[in-house]
$ cat target.pdb   # PDB, C-alpha atoms
ATOM      1  CA  MET P 341       4.742  -4.230  -1.435  1.00  0.00           C
ATOM      2  CA  GLY P 342       4.170  -1.270  -3.740  1.00  0.00           C
ATOM      3  CA  LYS P 343       6.076   1.915  -3.032  1.00  0.00           C
ATOM      4  CA  ILE P 344       4.460   5.200  -4.059  1.00  0.00           C
ATOM      5  CA  SER P 345       7.071   7.815  -4.860  1.00  0.00           C
ATOM      6  CA  VAL P 346       7.452  10.828  -7.110  1.00  0.00           C
ATOM      7  CA  THR P 347      11.022   9.823  -7.888  1.00  0.00           C
ATOM      8  CA  ASN P 348      10.546   6.345  -9.347  1.00  0.00           C
ATOM      9  CA  GLU P 349       8.611   7.699 -12.375  1.00  0.00           C
ATOM     10  CA  TYR P 350       6.552   4.549 -12.819  1.00  0.00           C
ATOM     11  CA  TYR P 351       3.601   4.478 -15.145  1.00  0.00           C
ATOM     12  CA  THR P 352       0.738   4.105 -12.693  1.00  0.00           C
ATOM     13  CA  LEU P 353      -2.777   2.804 -13.295  1.00  0.00           C
ATOM     14  CA  VAL P 354      -5.526   3.015 -10.736  1.00  0.00           C
ATOM     15  CA  ASN P 355      -8.050   0.445 -11.928  1.00  0.00           C
ATOM     16  CA  ILE P 356     -11.464   0.548 -10.305  1.00  0.00           C
ATOM     17  CA  PHE P 357     -13.627  -2.518 -10.818  1.00  0.00           C
ATOM     18  CA  THR P 358     -17.324  -2.429  -9.996  1.00  0.00           C
ATOM     19  CA  VAL P 359     -19.146  -5.717  -9.523  1.00  0.00           C
ATOM     20  CA  LYS P 360     -22.606  -6.926  -8.554  1.00  0.00           C
ATOM     21  CA  PRO P 361     -23.158  -7.574  -4.828  1.00  0.00           C
ATOM     22  CA  GLY P 362     -21.726 -11.010  -4.067  1.00  0.00           C
ATOM     23  CA  ASP P 363     -19.177 -10.971  -6.897  1.00  0.00           C
ATOM     24  CA  GLN P 364     -16.328  -9.179  -5.079  1.00  0.00           C
ATOM     25  CA  ARG P 365     -14.454 -12.334  -4.074  1.00  0.00           C
ATOM     26  CA  ARG P 366     -14.894 -13.899  -7.524  1.00  0.00           C
ATOM     27  CA  MET P 367     -13.482 -10.777  -9.140  1.00  0.00           C
ATOM     28  CA  TYR P 368     -10.645 -10.711  -6.654  1.00  0.00           C
ATOM     29  CA  ASP P 369      -9.698 -14.266  -7.686  1.00  0.00           C
ATOM     30  CA  GLU P 370      -9.759 -13.230 -11.370  1.00  0.00           C
ATOM     31  CA  ILE P 371      -7.449 -10.275 -10.717  1.00  0.00           C
ATOM     32  CA  VAL P 372      -4.996 -12.471  -8.821  1.00  0.00           C
ATOM     33  CA  ASP P 373      -5.065 -15.003 -11.691  1.00  0.00           C
ATOM     34  CA  VAL P 374      -4.453 -12.367 -14.337  1.00  0.00           C
ATOM     35  CA  THR P 375      -1.630 -10.900 -12.251  1.00  0.00           C
ATOM     36  CA  ASP P 376       0.120 -14.277 -12.375  1.00  0.00           C
ATOM     37  CA  VAL P 377       0.127 -13.930 -16.174  1.00  0.00           C
ATOM     38  CA  ILE P 378       0.930 -10.229 -16.380  1.00  0.00           C
ATOM     39  CA  GLU P 379       3.837 -10.267 -13.937  1.00  0.00           C
ATOM     40  CA  LYS P 380       5.904 -12.196 -16.472  1.00  0.00           C
ATOM     41  CA  PHE P 381       5.861  -9.298 -18.926  1.00  0.00           C
ATOM     42  CA  PRO P 382       8.866  -6.961 -19.112  1.00  0.00           C
ATOM     43  CA  GLY P 383       8.336  -3.771 -17.178  1.00  0.00           C
ATOM     44  CA  PHE P 384       5.836  -5.081 -14.639  1.00  0.00           C
ATOM     45  CA  VAL P 385       6.612  -3.433 -11.291  1.00  0.00           C
ATOM     46  CA  SER P 386       3.723  -4.221  -8.947  1.00  0.00           C
ATOM     47  CA  ALA P 387       0.010  -4.952  -8.581  1.00  0.00           C
ATOM     48  CA  ASN P 388      -1.756  -4.040  -5.344  1.00  0.00           C
ATOM     49  CA  VAL P 389      -5.315  -5.246  -5.019  1.00  0.00           C
ATOM     50  CA  HIS P 390      -7.743  -3.593  -2.610  1.00  0.00           C
ATOM     51  CA  ILE P 391     -11.175  -4.760  -1.458  1.00  0.00           C
ATOM     52  CA  SER P 392     -13.660  -1.959  -0.803  1.00  0.00           C
ATOM     53  CA  GLU P 393     -15.847  -1.674   2.263  1.00  0.00           C
ATOM     54  CA  ASP P 394     -18.938  -1.126   0.102  1.00  0.00           C
ATOM     55  CA  GLY P 395     -18.750  -4.734  -1.129  1.00  0.00           C
ATOM     56  CA  VAL P 396     -19.027  -3.908  -4.825  1.00  0.00           C
ATOM     57  CA  ARG P 397     -15.664  -2.464  -5.772  1.00  0.00           C
ATOM     58  CA  LEU P 398     -12.020  -3.442  -6.032  1.00  0.00           C
ATOM     59  CA  VAL P 399      -9.048  -1.220  -6.741  1.00  0.00           C
ATOM     60  CA  ASN P 400      -5.871  -2.453  -8.369  1.00  0.00           C
ATOM     61  CA  TYR P 401      -3.052   0.033  -7.913  1.00  0.00           C
ATOM     62  CA  ALA P 402      -0.665  -1.095 -10.653  1.00  0.00           C
ATOM     63  CA  GLN P 403       2.819   0.128 -11.498  1.00  0.00           C
ATOM     64  CA  TRP P 404       4.750  -0.342 -14.732  1.00  0.00           C
ATOM     65  CA  ARG P 405       8.211   0.775 -15.742  1.00  0.00           C
ATOM     66  CA  SER P 406       6.781   2.668 -18.731  1.00  0.00           C
ATOM     67  CA  LYS P 407       3.660   3.194 -20.833  1.00  0.00           C
ATOM     68  CA  LYS P 408       5.375   1.312 -23.651  1.00  0.00           C
ATOM     69  CA  ASP P 409       5.757  -1.803 -21.464  1.00  0.00           C
ATOM     70  CA  PHE P 410       2.140  -1.604 -20.323  1.00  0.00           C
ATOM     71  CA  ASP P 411       0.813  -1.155 -23.879  1.00  0.00           C
ATOM     72  CA  ALA P 412       2.842  -4.127 -25.133  1.00  0.00           C
ATOM     73  CA  MET P 413       1.361  -6.349 -22.415  1.00  0.00           C
ATOM     74  CA  GLN P 414      -2.184  -5.114 -23.006  1.00  0.00           C
ATOM     75  CA  ALA P 415      -1.963  -5.835 -26.746  1.00  0.00           C
ATOM     76  CA  HIS P 416      -0.508  -9.317 -26.339  1.00  0.00           C
ATOM     77  CA  PRO P 417      -2.782 -12.207 -27.449  1.00  0.00           C
ATOM     78  CA  SER P 418      -2.060 -14.265 -24.307  1.00  0.00           C
ATOM     79  CA  VAL P 419      -3.839 -11.835 -21.984  1.00  0.00           C
ATOM     80  CA  GLN P 420      -7.011 -11.259 -24.013  1.00  0.00           C
ATOM     81  CA  GLU P 421      -8.933 -14.212 -22.606  1.00  0.00           C
ATOM     82  CA  HIS P 422      -8.135 -13.090 -19.054  1.00  0.00           C
ATOM     83  CA  PHE P 423      -9.348  -9.571 -19.764  1.00  0.00           C
ATOM     84  CA  ARG P 424     -12.507 -10.954 -21.325  1.00  0.00           C
ATOM     85  CA  ARG P 425     -13.259 -12.923 -18.149  1.00  0.00           C
ATOM     86  CA  CYS P 426     -12.744  -9.806 -16.035  1.00  0.00           C
ATOM     87  CA  ARG P 427     -15.083  -7.792 -18.244  1.00  0.00           C
ATOM     88  CA  ALA P 428     -17.745 -10.491 -17.849  1.00  0.00           C
ATOM     89  CA  ILE P 429     -17.819  -9.907 -14.074  1.00  0.00           C
ATOM     90  CA  ALA P 430     -17.031  -6.219 -13.673  1.00  0.00           C
ATOM     91  CA  THR P 431     -17.196  -2.851 -15.327  1.00  0.00           C
ATOM     92  CA  PHE P 432     -13.994  -0.950 -14.915  1.00  0.00           C
ATOM     93  CA  ASP P 433     -12.453   2.451 -15.051  1.00  0.00           C
ATOM     94  CA  SER P 434      -8.708   2.814 -15.579  1.00  0.00           C
ATOM     95  CA  ILE P 435      -7.058   6.034 -14.467  1.00  0.00           C
ATOM     96  CA  PHE P 436      -3.613   6.412 -15.994  1.00  0.00           C
ATOM     97  CA  CYS P 437      -1.579   8.757 -13.879  1.00  0.00           C
ATOM     98  CA  ARG P 438       1.683   9.862 -12.397  1.00  0.00           C
ATOM     99  CA  VAL P 439       2.577  10.508  -8.780  1.00  0.00           C
ATOM    100  CA  GLU P 440       2.872  14.256  -8.244  1.00  0.00           C
ATOM    101  CA  TYR P 441       3.135  14.610  -4.496  1.00  0.00           C
ATOM    102  CA  THR P 442       3.563  12.391  -1.459  1.00  0.00           C
ATOM    103  CA  HIS P 443       3.468  13.336   2.200  1.00  0.00           C
ATOM    104  CA  GLU P 444       4.122  11.091   5.154  1.00  0.00           C
ATOM    105  CA  GLY P 445       3.052  11.716   8.716  1.00  0.00           C
ATOM    106  CA  GLY P 446       5.141  11.460  11.823  1.00  0.00           C
ATOM    107  CA  THR P 447       4.584   9.020  14.620  1.00  0.00           C
ATOM    108  CA  SER P 448       1.639  10.773  16.296  1.00  0.00           C
TER     109      SER P 448
ATOM    110  CA  MET D1051       6.543   7.791   0.081  1.00  0.00           C
ATOM    111  CA  GLY D1052       3.524   5.585   0.684  1.00  0.00           C
ATOM    112  CA  LYS D1053       4.083   1.882   1.140  1.00  0.00           C
ATOM    113  CA  ILE D1054       1.300  -0.467   0.086  1.00  0.00           C
ATOM    114  CA  SER D1055       1.326  -3.635   2.129  1.00  0.00           C
ATOM    115  CA  VAL D1056      -1.148  -6.231   3.370  1.00  0.00           C
ATOM    116  CA  THR D1057       0.649  -6.363   6.706  1.00  0.00           C
ATOM    117  CA  ASN D1058       0.446  -2.740   7.839  1.00  0.00           C
ATOM    118  CA  GLU D1059      -3.376  -2.870   8.146  1.00  0.00           C
ATOM    119  CA  TYR D1060      -3.829   0.807   7.383  1.00  0.00           C
ATOM    120  CA  TYR D1061      -7.242   2.231   6.685  1.00  0.00           C
ATOM    121  CA  THR D1062      -6.928   3.149   3.021  1.00  0.00           C
ATOM    122  CA  LEU D1063      -8.970   5.621   0.991  1.00  0.00           C
ATOM    123  CA  VAL D1064      -8.704   5.934  -2.743  1.00  0.00           C
ATOM    124  CA  ASN D1065     -10.190   9.349  -3.467  1.00  0.00           C
ATOM    125  CA  ILE D1066     -10.975  10.136  -7.076  1.00  0.00           C
ATOM    126  CA  PHE D1067     -11.582  13.789  -7.881  1.00  0.00           C
ATOM    127  CA  THR D1068     -13.121  14.802 -11.188  1.00  0.00           C
ATOM    128  CA  VAL D1069     -12.717  18.399 -12.343  1.00  0.00           C
ATOM    129  CA  LYS D1070     -13.578  20.507 -15.365  1.00  0.00           C
ATOM    130  CA  PRO D1071     -10.902  20.717 -18.069  1.00  0.00           C
ATOM    131  CA  GLY D1072      -8.366  23.307 -16.949  1.00  0.00           C
ATOM    132  CA  ASP D1073      -9.025  22.866 -13.219  1.00  0.00           C
ATOM    133  CA  GLN D1074      -6.641  19.966 -12.566  1.00  0.00           C
ATOM    134  CA  ARG D1075      -3.741  22.118 -11.322  1.00  0.00           C
ATOM    135  CA  ARG D1076      -6.047  24.264  -9.165  1.00  0.00           C
ATOM    136  CA  MET D1077      -7.491  21.151  -7.555  1.00  0.00           C
ATOM    137  CA  TYR D1078      -4.019  19.757  -7.054  1.00  0.00           C
ATOM    138  CA  ASP D1079      -3.077  22.904  -5.115  1.00  0.00           C
ATOM    139  CA  GLU D1080      -6.194  22.539  -2.932  1.00  0.00           C
ATOM    140  CA  ILE D1081      -5.365  18.929  -2.101  1.00  0.00           C
ATOM    141  CA  VAL D1082      -1.807  19.868  -1.143  1.00  0.00           C
ATOM    142  CA  ASP D1083      -3.152  22.689   1.048  1.00  0.00           C
ATOM    143  CA  VAL D1084      -5.660  20.448   2.804  1.00  0.00           C
ATOM    144  CA  THR D1085      -2.960  17.818   3.341  1.00  0.00           C
ATOM    145  CA  ASP D1086      -0.940  20.397   5.267  1.00  0.00           C
ATOM    146  CA  VAL D1087      -3.881  20.670   7.659  1.00  0.00           C
ATOM    147  CA  ILE D1088      -4.800  16.999   7.805  1.00  0.00           C
ATOM    148  CA  GLU D1089      -1.301  15.686   8.406  1.00  0.00           C
ATOM    149  CA  LYS D1090      -1.357  17.196  11.891  1.00  0.00           C
ATOM    150  CA  PHE D1091      -4.177  14.902  13.003  1.00  0.00           C
ATOM    151  CA  PRO D1092      -3.357  11.770  14.982  1.00  0.00           C
ATOM    152  CA  GLY D1093      -3.280   8.662  12.856  1.00  0.00           C
ATOM    153  CA  PHE D1094      -2.393  10.313   9.550  1.00  0.00           C
ATOM    154  CA  VAL D1095       0.004   7.982   7.697  1.00  0.00           C
ATOM    155  CA  SER D1096       0.355   9.308   4.155  1.00  0.00           C
ATOM    156  CA  ALA D1097      -1.257  11.165   1.267  1.00  0.00           C
ATOM    157  CA  ASN D1098      -0.151  10.394  -2.284  1.00  0.00           C
ATOM    158  CA  VAL D1099      -1.553  12.651  -4.976  1.00  0.00           C
ATOM    159  CA  HIS D1100      -1.711  11.544  -8.599  1.00  0.00           C
ATOM    160  CA  ILE D1101      -2.428  13.576 -11.719  1.00  0.00           C
ATOM    161  CA  SER D1102      -4.289  11.690 -14.445  1.00  0.00           C
ATOM    162  CA  GLU D1103      -3.356  11.667 -18.109  1.00  0.00           C
ATOM    163  CA  ASP D1104      -6.925  12.525 -19.121  1.00  0.00           C
ATOM    164  CA  GLY D1105      -6.537  16.023 -17.606  1.00  0.00           C
ATOM    165  CA  VAL D1106      -9.742  15.925 -15.571  1.00  0.00           C
ATOM    166  CA  ARG D1107      -8.996  13.611 -12.663  1.00  0.00           C
ATOM    167  CA  LEU D1108      -6.778  13.356  -9.624  1.00  0.00           C
ATOM    168  CA  VAL D1109      -6.330  10.413  -7.290  1.00  0.00           C
ATOM    169  CA  ASN D1110      -5.308  10.768  -3.671  1.00  0.00           C
ATOM    170  CA  TYR D1111      -4.176   7.445  -2.254  1.00  0.00           C
ATOM    171  CA  ALA D1112      -4.476   8.132   1.476  1.00  0.00           C
ATOM    172  CA  GLN D1113      -3.521   5.972   4.438  1.00  0.00           C
ATOM    173  CA  TRP D1114      -4.674   6.272   8.052  1.00  0.00           C
ATOM    174  CA  ARG D1115      -3.807   4.242  11.110  1.00  0.00           C
ATOM    175  CA  SER D1116      -7.502   3.431  11.661  1.00  0.00           C
ATOM    176  CA  LYS D1117     -11.029   4.314  10.598  1.00  0.00           C
ATOM    177  CA  LYS D1118     -11.531   5.943  14.012  1.00  0.00           C
ATOM    178  CA  ASP D1119      -8.638   8.364  13.373  1.00  0.00           C
ATOM    179  CA  PHE D1120      -9.933   9.203   9.904  1.00  0.00           C
ATOM    180  CA  ASP D1121     -13.503   9.786  11.131  1.00  0.00           C
ATOM    181  CA  ALA D1122     -12.280  12.089  13.929  1.00  0.00           C
ATOM    182  CA  MET D1123     -10.363  14.209  11.409  1.00  0.00           C
ATOM    183  CA  GLN D1124     -13.254  14.328   8.953  1.00  0.00           C
ATOM    184  CA  ALA D1125     -15.684  15.519  11.642  1.00  0.00           C
ATOM    185  CA  HIS D1126     -13.375  18.211  13.027  1.00  0.00           C
ATOM    186  CA  PRO D1127     -14.543  21.820  12.487  1.00  0.00           C
ATOM    187  CA  SER D1128     -11.104  22.999  11.326  1.00  0.00           C
ATOM    188  CA  VAL D1129     -11.198  20.970   8.115  1.00  0.00           C
ATOM    189  CA  GLN D1130     -14.737  21.802   6.978  1.00  0.00           C
ATOM    190  CA  GLU D1131     -13.797  24.968   5.076  1.00  0.00           C
ATOM    191  CA  HIS D1132     -11.063  23.095   3.200  1.00  0.00           C
ATOM    192  CA  PHE D1133     -13.454  20.342   2.204  1.00  0.00           C
ATOM    193  CA  ARG D1134     -15.989  22.935   1.069  1.00  0.00           C
ATOM    194  CA  ARG D1135     -13.386  24.495  -1.234  1.00  0.00           C
ATOM    195  CA  CYS D1136     -12.538  21.091  -2.699  1.00  0.00           C
ATOM    196  CA  ARG D1137     -16.207  20.349  -3.345  1.00  0.00           C
ATOM    197  CA  ALA D1138     -16.539  23.681  -5.165  1.00  0.00           C
ATOM    198  CA  ILE D1139     -13.958  22.568  -7.747  1.00  0.00           C
ATOM    199  CA  ALA D1140     -14.443  18.813  -7.993  1.00  0.00           C
ATOM    200  CA  THR D1141     -16.889  15.995  -7.593  1.00  0.00           C
ATOM    201  CA  PHE D1142     -15.371  13.093  -5.753  1.00  0.00           C
ATOM    202  CA  ASP D1143     -15.723   9.446  -5.049  1.00  0.00           C
ATOM    203  CA  SER D1144     -14.088   7.939  -1.966  1.00  0.00           C
ATOM    204  CA  ILE D1145     -13.382   4.232  -1.960  1.00  0.00           C
ATOM    205  CA  PHE D1146     -12.664   2.969   1.544  1.00  0.00           C
ATOM    206  CA  CYS D1147     -10.699  -0.218   1.327  1.00  0.00           C
ATOM    207  CA  ARG D1148      -8.074  -2.569   2.627  1.00  0.00           C
ATOM    208  CA  VAL D1149      -5.075  -4.037   0.860  1.00  0.00           C
ATOM    209  CA  GLU D1150      -5.750  -7.706   0.144  1.00  0.00           C
ATOM    210  CA  TYR D1151      -2.889  -8.718  -2.131  1.00  0.00           C
ATOM    211  CA  THR D1152       0.347  -7.271  -3.426  1.00  0.00           C
ATOM    212  CA  HIS D1153       2.703  -8.692  -5.999  1.00  0.00           C
ATOM    213  CA  GLU D1154       6.033  -7.292  -7.061  1.00  0.00           C
ATOM    214  CA  GLY D1155       7.863  -8.086 -10.259  1.00  0.00           C
ATOM    215  CA  GLY D1156      11.482  -9.012 -10.641  1.00  0.00           C
ATOM    216  CA  THR D1157      14.020  -6.991 -12.551  1.00  0.00           C
ATOM    217  CA  SER D1158      12.978  -7.949 -16.096  1.00  0.00           C
TER     218      SER D1158
END

$ encode --input "target.pdb" --output "structure tokens"
Amino acid sequence: MGKISVTNEYYTLVNIFTVKPGDQRRMYDEIVDVTDVIEKFPGFVSANVHISEDGVRLVNYAQWRSKKDFDAMQAHPSVQEHFRRCRAIATFDSIFCRVEYTHEGGTS
Amino acid sequence: MGKISVTNEYYTLVNIFTVKPGDQRRMYDEIVDVTDVIEKFPGFVSANVHISEDGVRLVNYAQWRSKKDFDAMQAHPSVQEHFRRCRAIATFDSIFCRVEYTHEGGTS
């Protein structure tokens, strides 16, 4: 479970993958596979994969301890083949961000 | 704090707002204002606003109890003026999705 909070100061990436119709499940499997590799790197906090209603997108809400940890993972030779496979199925947009504000509702 | 989990079955929206350079803080203020209105609707679970490093985007990771609750809020007359103000500052893309997989790291 990922926890979104302004106080944890994680380095957050919202990765949006766009695939061809019919490729959503295949891309999902690739993301889960690559997560099994990435989670072994220092500083990995969480990956949270979402399937969109429109059938052609996936969102991975990913948290890292720091930008330095994320950059070290991304540059490592062992992950390049996994990234290449992802790029063969999907285009993607990575939004690097920080949590600025959270608001929770009551029990209504 | 938002909690991302496959078990809570929330209706999740990843809203990506794109603004002109210099408008990120203004848009942030609008989202916080509209959240103060929206959080009173039944079924609101959480809003989690992120500021992107690139200076021109914001991400609101929003959770609702159900699509029905979200649709009722979105159609309500009281929120239309707020949405109009947001649209005047930003273009946006709403990804309606469900959480399919989460993975947390250890303490490395």

$ atom_distance --input "target.pdb" --atom1 "atom CA of D:Met1077" --atom2 "atom CA of P:Asn355"
21.2 Å

$ resolve_selection --input "target.pdb" --expression "the PyMOL selection byres ((chain P and resi 382) around 10)" --output "compact mmCIF listing (two decimals) with C-alpha atoms, in the frame of the given file"
# COMPACT_ATOMS: atom_id res chain seq x y z
CA ILE P 378 0.93 -10.23 -16.38
CA GLU P 379 3.84 -10.27 -13.94
CA LYS P 380 5.90 -12.20 -16.47
CA PHE P 381 5.86 -9.30 -18.93
CA GLY P 383 8.34 -3.77 -17.18
CA PHE P 384 5.84 -5.08 -14.64
CA VAL P 385 6.61 -3.43 -11.29
CA TRP P 404 4.75 -0.34 -14.73
CA ARG P 405 8.21 0.78 -15.74
CA SER P 406 6.78 2.67 -18.73
CA ASP P 409 5.76 -1.80 -21.46
CA PHE P 410 2.14 -1.60 -20.32
CA ALA P 412 2.84 -4.13 -25.13
CA MET P 413 1.36 -6.35 -22.42
CA GLY D 1155 7.86 -8.09 -10.26
CA GLY D 1156 11.48 -9.01 -10.64
CA THR D 1157 14.02 -6.99 -12.55
CA SER D 1158 12.98 -7.95 -16.10

$ interface_residues --input "target.pdb" --of "chain D" --to "chain P" --cutoff "7 Å" --atoms "only C-alpha atoms" --output "ChimeraX atom specification"
/D:1051-1055,1089,1092-1103,1145-1155,1158

$ resolve_selection --input "target.pdb" --expression "the PyMOL selection byres ((chain D and resi 1136-1140) around 12)" --output "MDAnalysis selection string"
chainID D and resid 1065:1085 1106:1109 1129:1135 1141:1143

$ atom_distance --input "target.pdb" --atom1 "atom CA of P:Ser418" --atom2 "atom CA of P:Glu349"
27.2 Å

$ calpha_fit_and_write --input "target.pdb" --fixed "chain P" --moving "chain D" --output "tab-separated table (two decimals) with C-alpha atoms, in the frame of the given file"
chain	number	residue	atom	x	y	z
D	1051	MET	CA	4.74	-4.23	-1.46
D	1052	GLY	CA	4.19	-1.27	-3.75
D	1053	LYS	CA	6.08	1.91	-3.04
D	1054	ILE	CA	4.48	5.19	-4.07
D	1055	SER	CA	7.07	7.80	-4.87
D	1056	VAL	CA	7.44	10.85	-7.11
D	1057	THR	CA	11.01	9.85	-7.90
D	1058	ASN	CA	10.54	6.37	-9.35
D	1059	GLU	CA	8.61	7.71	-12.39
D	1060	TYR	CA	6.56	4.56	-12.82
D	1061	TYR	CA	3.60	4.49	-15.14
D	1062	THR	CA	0.74	4.11	-12.69
D	1063	LEU	CA	-2.78	2.81	-13.30
D	1064	VAL	CA	-5.52	3.02	-10.74
D	1065	ASN	CA	-8.05	0.45	-11.92
D	1066	ILE	CA	-11.46	0.55	-10.30
D	1067	PHE	CA	-13.63	-2.52	-10.82
D	1068	THR	CA	-17.32	-2.42	-9.99
D	1069	VAL	CA	-19.15	-5.72	-9.52
D	1070	LYS	CA	-22.61	-6.92	-8.54
D	1071	PRO	CA	-23.16	-7.58	-4.83
D	1072	GLY	CA	-21.73	-11.01	-4.07
D	1073	ASP	CA	-19.17	-10.97	-6.90
D	1074	GLN	CA	-16.35	-9.17	-5.08
D	1075	ARG	CA	-14.46	-12.33	-4.05
D	1076	ARG	CA	-14.89	-13.90	-7.51
D	1077	MET	CA	-13.48	-10.77	-9.13
D	1078	TYR	CA	-10.65	-10.71	-6.64
D	1079	ASP	CA	-9.70	-14.26	-7.69
D	1080	GLU	CA	-9.74	-13.23	-11.37
D	1081	ILE	CA	-7.44	-10.28	-10.71
D	1082	VAL	CA	-4.99	-12.49	-8.82
D	1083	ASP	CA	-5.07	-15.01	-11.69
D	1084	VAL	CA	-4.45	-12.36	-14.34
D	1085	THR	CA	-1.62	-10.90	-12.25
D	1086	ASP	CA	0.12	-14.28	-12.39
D	1087	VAL	CA	0.13	-13.93	-16.18
D	1088	ILE	CA	0.93	-10.23	-16.38
D	1089	GLU	CA	3.83	-10.27	-13.94
D	1090	LYS	CA	5.90	-12.21	-16.47
D	1091	PHE	CA	5.87	-9.31	-18.93
D	1092	PRO	CA	8.86	-6.98	-19.10
D	1093	GLY	CA	8.35	-3.78	-17.18
D	1094	PHE	CA	5.84	-5.09	-14.65
D	1095	VAL	CA	6.61	-3.43	-11.29
D	1096	SER	CA	3.72	-4.22	-8.95
D	1097	ALA	CA	0.02	-4.96	-8.59
D	1098	ASN	CA	-1.74	-4.05	-5.35
D	1099	VAL	CA	-5.31	-5.26	-5.01
D	1100	HIS	CA	-7.74	-3.60	-2.62
D	1101	ILE	CA	-11.16	-4.76	-1.46
D	1102	SER	CA	-13.64	-1.96	-0.80
D	1103	GLU	CA	-15.84	-1.67	2.27
D	1104	ASP	CA	-18.93	-1.12	0.12
D	1105	GLY	CA	-18.74	-4.74	-1.12
D	1106	VAL	CA	-19.03	-3.90	-4.82
D	1107	ARG	CA	-15.66	-2.46	-5.77
D	1108	LEU	CA	-12.03	-3.44	-6.03
D	1109	VAL	CA	-9.04	-1.22	-6.74
D	1110	ASN	CA	-5.87	-2.46	-8.37
D	1111	TYR	CA	-3.05	0.03	-7.91
D	1112	ALA	CA	-0.67	-1.10	-10.65
D	1113	GLN	CA	2.81	0.12	-11.50
D	1114	TRP	CA	4.75	-0.34	-14.74
D	1115	ARG	CA	8.21	0.78	-15.75
D	1116	SER	CA	6.77	2.67	-18.74
D	1117	LYS	CA	3.66	3.19	-20.83
D	1118	LYS	CA	5.38	1.31	-23.66
D	1119	ASP	CA	5.76	-1.80	-21.47
D	1120	PHE	CA	2.14	-1.61	-20.33
D	1121	ASP	CA	0.81	-1.15	-23.89
D	1122	ALA	CA	2.84	-4.14	-25.14
D	1123	MET	CA	1.35	-6.35	-22.42
D	1124	GLN	CA	-2.19	-5.11	-23.01
D	1125	ALA	CA	-1.97	-5.84	-26.75
D	1126	HIS	CA	-0.50	-9.33	-26.35
D	1127	PRO	CA	-2.78	-12.21	-27.44
D	1128	SER	CA	-2.06	-14.27	-24.31
D	1129	VAL	CA	-3.84	-11.84	-21.99
D	1130	GLN	CA	-7.00	-11.26	-24.03
D	1131	GLU	CA	-8.94	-14.21	-22.60
D	1132	HIS	CA	-8.14	-13.09	-19.05
D	1133	PHE	CA	-9.35	-9.57	-19.76
D	1134	ARG	CA	-12.51	-10.96	-21.33
D	1135	ARG	CA	-13.26	-12.92	-18.15
D	1136	CYS	CA	-12.73	-9.80	-16.03
D	1137	ARG	CA	-15.08	-7.79	-18.24
D	1138	ALA	CA	-17.74	-10.49	-17.84
D	1139	ILE	CA	-17.82	-9.91	-14.07
D	1140	ALA	CA	-17.03	-6.22	-13.68
D	1141	THR	CA	-17.20	-2.85	-15.32
D	1142	PHE	CA	-13.98	-0.94	-14.91
D	1143	ASP	CA	-12.45	2.45	-15.05
D	1144	SER	CA	-8.70	2.82	-15.58
D	1145	ILE	CA	-7.06	6.03	-14.47
D	1146	PHE	CA	-3.61	6.42	-15.99
D	1147	CYS	CA	-1.58	8.76	-13.88
D	1148	ARG	CA	1.69	9.87	-12.38
D	1149	VAL	CA	2.58	10.51	-8.77
D	1150	GLU	CA	2.87	14.26	-8.23
D	1151	TYR	CA	3.15	14.61	-4.47
D	1152	THR	CA	3.57	12.39	-1.44
D	1153	HIS	CA	3.47	13.33	2.21
D	1154	GLU	CA	4.12	11.09	5.16
D	1155	GLY	CA	3.05	11.72	8.71
D	1156	GLY	CA	5.15	11.43	11.81
D	1157	THR	CA	4.51	9.01	14.62
D	1158	SER	CA	1.58	10.81	16.28

$ atom_distance --input "target.pdb" --atom1 "atom CA of P:Asp411" --atom2 "atom CA of P:Val377"
14.9 Å

$ build_atoms --input "target.pdb" --residues "stretch 365-373 of chain P" --atoms "N, CA and C atoms" --output "short mmCIF file (atom, residue, chain, number, x, y, z; two decimals), in the coordinates of the input"
data_model
loop_
_atom_site.label_atom_id
_atom_site.label_comp_id
_atom_site.auth_asym_id
_atom_site.auth_seq_id
_atom_site.Cartn_x
_atom_site.Cartn_y
_atom_site.Cartn_z
N ARG P 365 -15.49 -11.31 -4.27
CA ARG P 365 -14.45 -12.33 -4.07
C ARG P 365 -14.10 -13.03 -5.40
N ARG P 366 -15.12 -13.27 -6.21
CA ARG P 366 -14.89 -13.90 -7.52
C ARG P 366 -14.01 -13.01 -8.39
N MET P 367 -14.29 -11.72 -8.36
CA MET P 367 -13.48 -10.78 -9.14
C MET P 367 -12.07 -10.70 -8.59
N TYR P 368 -11.97 -10.70 -7.28
CA TYR P 368 -10.64 -10.71 -6.65
C TYR P 368 -9.81 -11.89 -7.17
N ASP P 369 -10.42 -13.08 -7.21
CA ASP P 369 -9.70 -14.27 -7.69
C ASP P 369 -9.26 -14.09 -9.15
N GLU P 370 -10.12 -13.47 -9.96
CA GLU P 370 -9.76 -13.23 -11.37
C GLU P 370 -8.55 -12.29 -11.47
N ILE P 371 -8.56 -11.25 -10.66
CA ILE P 371 -7.45 -10.28 -10.72
C ILE P 371 -6.14 -10.95 -10.29
N VAL P 372 -6.21 -11.77 -9.26
CA VAL P 372 -5.00 -12.47 -8.82
C VAL P 372 -4.51 -13.41 -9.94
N ASP P 373 -5.44 -14.10 -10.58
CA ASP P 373 -5.07 -15.00 -11.69
C ASP P 373 -4.41 -14.24 -12.83
#
